[in-house]
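K.L.:
Quick one: the structure is below, questions incoming.
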Amino acid sequence: MSGLDLSVVGKKNPERSFKYTWRDTALYALGIGAQTDELSFIYENTPGGIKVFPSFATIARGVAFPRLGNIFFPRFIHGEELIHLHKPFPSQGEVICFSEVTDIFDKGKAAVIHVKFTGLTKDREPLFDVISSFFYLGAGGFGGERGPKSESLTPPEGVAPDFSISYKTTKNQAALYRLNGDINPLHIDPELARRGGQEKPILHGLCTYGFATRAILYGICDGDVSRFKEFKARFTNVVYPGETLTTEGWKDNGRYIIQVRKDKTVVLSNAYAIIE
């Protein structure tokens with residue numbers, strides 16, 4: 001079973017505290033490409049307090065990552081990410097976070113692990129929920145259920161998007177983003193990247209996800225973080241630092257179908273956003 005502990009399903013993991021200041025949220029904003037014309041996300045003296053990008057939830061939830069057994073992480077691949085915001089992040093503060101492995105499905109060549117993270121304010125009011133799925137290659141074949149098929153979301157063919165925003169990542173984007181806590185050498189060490197099957201260090205998938213969140217926030221919400229409620233996406237291709245990411249959205253029955261691509265290659269698919 002490649003070290004995966006199936007008994008973790010359904011068990012609530014201990015609560016952890018994530019404390020942050022404006023420096024942490026500003027560093028995150030810079031890590032997902034924020035510029036000096038986005039002062040409200042990077043400047044501590046912003047009237048009313050510095051704003052926080054909704055995808056900061058993917059950083060806060062990291063303190064509550066569950067123990068899954070003896071995992072060999074080079075075979076552990078991020079599949080999908082969903083964030084749901086109950087309210088905007090305060091400019092600084094403390095988040096109480098805990099997690100639960102809700103399912104482990106058997107896909108034959110891989111196990112698919114679903115984890116739900118819950119974030120509460122210090123006063124225990126709901127702040128965010130995050131649902132993450134991971135493929136653990138080589139850990140399938142244990143006789144478990146295959147699990148349900150995901151909803152298929154594709155942009156309408158031949159229809160122009162309701163918004164399209166392109167951001168160029170920098171050559172040092174991964175080197176900057178990793179300072180938020182994901183220090184996997186795959187994203188900075190050329191030799192280890194090659195050993196991991198990549199031609200060179202790749203951008204963090206959650207950095208791409210953050211770039212998309214930023215584009216959605218400006219493309220649909222006019223920069224108002226209180227309107228941003230939910231964003232789900234599937235990681236479908238690698239991004240290298242320095243490449244340009246184009247995020248596009250199409251209105252679809254009260255939500256937006258989202259797609260992120262580099263040139264013609266789709267890197268985030270099966271995605272949607274819910275905006276108030």
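Going by the structure tokens order, chains are called A, B, ..., each with residues numbered from 1, while ligands are numbered from 1 in the order shown.
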Considering only C-alpha atoms, give me a table of residues in stretch 16-72 of chain A that are at most 9 Å from stretch 209-224 of chain A, with the closest atom pair and distance in Å for each, as JSON lines.

P.N.:
{"residue": "A:Tyr28", "atom": "CA", "partner": "A:Gly210", "partner_atom": "CA", "distance": 9.0}
{"residue": "A:Ala29", "atom": "CA", "partner": "A:Gly210", "partner_atom": "CA", "distance": 8.6}
{"residue": "A:Gly31", "atom": "CA", "partner": "A:Gly210", "partner_atom": "CA", "distance": 8.5}
{"residue": "A:Ile32", "atom": "CA", "partner": "A:Phe211", "partner_atom": "CA", "distance": 5.2}
{"residue": "A:Gly33", "atom": "CA", "partner": "A:Phe211", "partner_atom": "CA", "distance": 6.8}
{"residue": "A:Ala34", "atom": "CA", "partner": "A:Arg214", "partner_atom": "CA", "distance": 8.2}
{"residue": "A:Phe53", "atom": "CA", "partner": "A:Arg214", "partner_atom": "CA", "distance": 7.1}
{"residue": "A:Pro54", "atom": "CA", "partner": "A:Thr213", "partner_atom": "CA", "distance": 7.3}
{"residue": "A:Ser55", "atom": "CA", "partner": "A:Gly210", "partner_atom": "CA", "distance": 5.8}
{"residue": "A:Phe56", "atom": "CA", "partner": "A:Gly210", "partner_atom": "CA", "distance": 8.1}
{"residue": "A:Thr58", "atom": "CA", "partner": "A:Gly210", "partner_atom": "CA", "distance": 8.8}

K.L.:
DSSP on the backbone, alpha helix (DSSP H) only: what residues of stretch 147-208 of chain A does that give? Format it as a list in words.

P.N.:
Gln173, Ala174, Ala175, Leu176, Tyr177, Pro190, Glu191, Leu192, Ala193, Arg194, Arg195, Gly205, Leu206, Cys207 and Thr208 of chain A

K.L.:
DSSP on the backbone, strand (DSSP E) only: what residues of stretch 22-102 of chain A does that give? Format it as an MDAnalysis selection string.

P.N.:
chainID A and resid 76:85 93:102

K.L.:
Keeping C-alpha atoms for every residue in the selection just given, could you write it to a file as a compact mmCIF listing (two decimals), in the first residue's frame?

P.N.:
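Once everything was written out, this is again-v4.txt:
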# COMPACT_ATOMS: atom_id res chain seq x y z
CA PHE A 76 2.02 12.59 -4.20
CA ILE A 77 0.29 14.87 -6.72
CA HIS A 78 -2.20 17.67 -6.12
CA GLY A 79 -5.37 16.94 -8.10
CA GLU A 80 -7.99 19.56 -7.26
CA GLU A 81 -8.55 22.45 -4.87
CA LEU A 82 -11.76 24.14 -3.71
CA ILE A 83 -11.96 27.14 -1.41
CA HIS A 84 -15.18 28.48 0.09
CA LEU A 85 -15.08 31.77 2.01
CA GLY A 93 -5.15 37.55 13.32
CA GLU A 94 -5.42 33.89 14.21
CA VAL A 95 -7.16 31.05 12.42
CA ILE A 96 -8.16 27.81 14.14
CA CYS A 97 -7.88 25.06 11.56
CA PHE A 98 -8.54 21.33 11.55
CA SER A 99 -8.88 18.66 8.89
CA GLU A 100 -10.50 15.34 8.10
CA VAL A 101 -9.73 12.78 5.41
CA THR A 102 -13.24 12.26 4.02

K.L.:
Would you pick out the contacts of A:His114 at 8 Å or less, using only C-alpha atoms, so that residues sharing its chain but fewer than 4 positions from it are not included, and give the list as number ranges by chain?

P.N.:
A: 101-104, 131-134

K.L.:
Considering only C-alpha atoms, return as a PyMOL selection string whatever protein or nucleic-acid residues lie within 12 Å of A:Ser152, sequence-local ones (same chain, fewer than 3 positions apart) excluded.

P.N.:
chain A and resi 148-149+155+233-234+257+269-272

K.L.:
Counting only C-alpha atoms, which residues in stretch 115-153 of chain A sit no more than 10 Å from stretch 11-20 of chain A? For each one, give the nearest pair of atoms and the distance in Å, sorted by chain then residue number, as a Markdown table.

P.N.:
| residue | atom | partner | partner_atom | distance |
| --- | --- | --- | --- | --- |
| A:Lys116 | CA | A:Lys12 | CA | 9.7 |
| A:Phe117 | CA | A:Asn13 | CA | 9.7 |
| A:Thr118 | CA | A:Glu15 | CA | 9.5 |
| A:Gly119 | CA | A:Phe18 | CA | 9.4 |
| A:Leu120 | CA | A:Ser17 | CA | 9.7 |
| A:Thr121 | CA | A:Ser17 | CA | 9.9 |
| A:Lys122 | CA | A:Ser17 | CA | 8.9 |

K.L.:
Which neighbours of stretch 159-171 of chain A fall inside 7 Å, counting only C-alpha atoms, when residues of the same chain fewer than 5 positions from it are skipped, and could you give them as JSON, numbers by chain?

P.N.:
{"A": [33, 215, 219, 241, 242, 243, 244, 245, 246, 247, 248, 249, 250, 251]}

K.L.:
What would the file look like if the residues just selected were written as a PDB file, in the first residue's frame with N, CA and C atoms?

P.N.:
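File written: part30.pdb
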ATOM      1  N   GLY A  33       1.882  37.398  -7.624  1.00  0.00           N
ATOM      2  CA  GLY A  33       2.065  38.372  -8.689  1.00  0.00           C
ATOM      3  C   GLY A  33       1.577  39.773  -8.452  1.00  0.00           C
ATOM      4  N   ALA A 215      -6.976  37.029 -10.730  1.00  0.00           N
ATOM      5  CA  ALA A 215      -7.632  37.435 -11.973  1.00  0.00           C
ATOM      6  C   ALA A 215      -9.152  37.454 -11.815  1.00  0.00           C
ATOM      7  N   GLY A 219     -11.400  40.529 -12.411  1.00  0.00           N
ATOM      8  CA  GLY A 219     -12.213  40.367 -13.615  1.00  0.00           C
ATOM      9  C   GLY A 219     -13.701  40.360 -13.354  1.00  0.00           C
ATOM     10  N   PRO A 241       8.127  28.878 -14.153  1.00  0.00           N
ATOM     11  CA  PRO A 241       8.291  30.304 -13.855  1.00  0.00           C
ATOM     12  C   PRO A 241       8.724  31.086 -15.092  1.00  0.00           C
ATOM     13  N   GLY A 242       8.072  32.207 -15.324  1.00  0.00           N
ATOM     14  CA  GLY A 242       8.347  33.024 -16.501  1.00  0.00           C
ATOM     15  C   GLY A 242       7.267  32.932 -17.558  1.00  0.00           C
ATOM     16  N   GLU A 243       6.405  31.907 -17.459  1.00  0.00           N
ATOM     17  CA  GLU A 243       5.338  31.757 -18.446  1.00  0.00           C
ATOM     18  C   GLU A 243       4.157  32.673 -18.111  1.00  0.00           C
ATOM     19  N   THR A 244       3.345  32.954 -19.126  1.00  0.00           N
ATOM     20  CA  THR A 244       2.178  33.825 -18.974  1.00  0.00           C
ATOM     21  C   THR A 244       0.928  32.991 -18.748  1.00  0.00           C
ATOM     22  N   LEU A 245       0.142  33.365 -17.751  1.00  0.00           N
ATOM     23  CA  LEU A 245      -1.098  32.677 -17.419  1.00  0.00           C
ATOM     24  C   LEU A 245      -2.290  33.538 -17.817  1.00  0.00           C
ATOM     25  N   THR A 246      -3.206  32.962 -18.570  1.00  0.00           N
ATOM     26  CA  THR A 246      -4.423  33.655 -18.980  1.00  0.00           C
ATOM     27  C   THR A 246      -5.615  32.985 -18.316  1.00  0.00           C
ATOM     28  N   THR A 247      -6.336  33.763 -17.513  1.00  0.00           N
ATOM     29  CA  THR A 247      -7.532  33.273 -16.823  1.00  0.00           C
ATOM     30  C   THR A 247      -8.758  33.835 -17.519  1.00  0.00           C
ATOM     31  N   GLU A 248      -9.685  32.941 -17.873  1.00  0.00           N
ATOM     32  CA  GLU A 248     -10.898  33.337 -18.584  1.00  0.00           C
ATOM     33  C   GLU A 248     -12.119  32.780 -17.865  1.00  0.00           C
ATOM     34  N   GLY A 249     -13.243  33.507 -17.974  1.00  0.00           N
ATOM     35  CA  GLY A 249     -14.463  33.070 -17.322  1.00  0.00           C
ATOM     36  C   GLY A 249     -15.693  33.318 -18.172  1.00  0.00           C
ATOM     37  N   TRP A 250     -16.654  32.364 -18.091  1.00  0.00           N
ATOM     38  CA  TRP A 250     -17.917  32.440 -18.822  1.00  0.00           C
ATOM     39  C   TRP A 250     -19.077  32.314 -17.837  1.00  0.00           C
ATOM     40  N   LYS A 251     -20.038  33.220 -17.883  1.00  0.00           N
ATOM     41  CA  LYS A 251     -21.214  33.138 -17.015  1.00  0.00           C
ATOM     42  C   LYS A 251     -21.971  31.848 -17.296  1.00  0.00           C
TER      43      LYS A 251
END

K.L.:
When you count only C-alpha atoms, which of these residues is closest to A:Thr154: A:Tyr43, A:Tyr256, A:Phe231, A:Phe89?

P.N.:
A:Tyr256
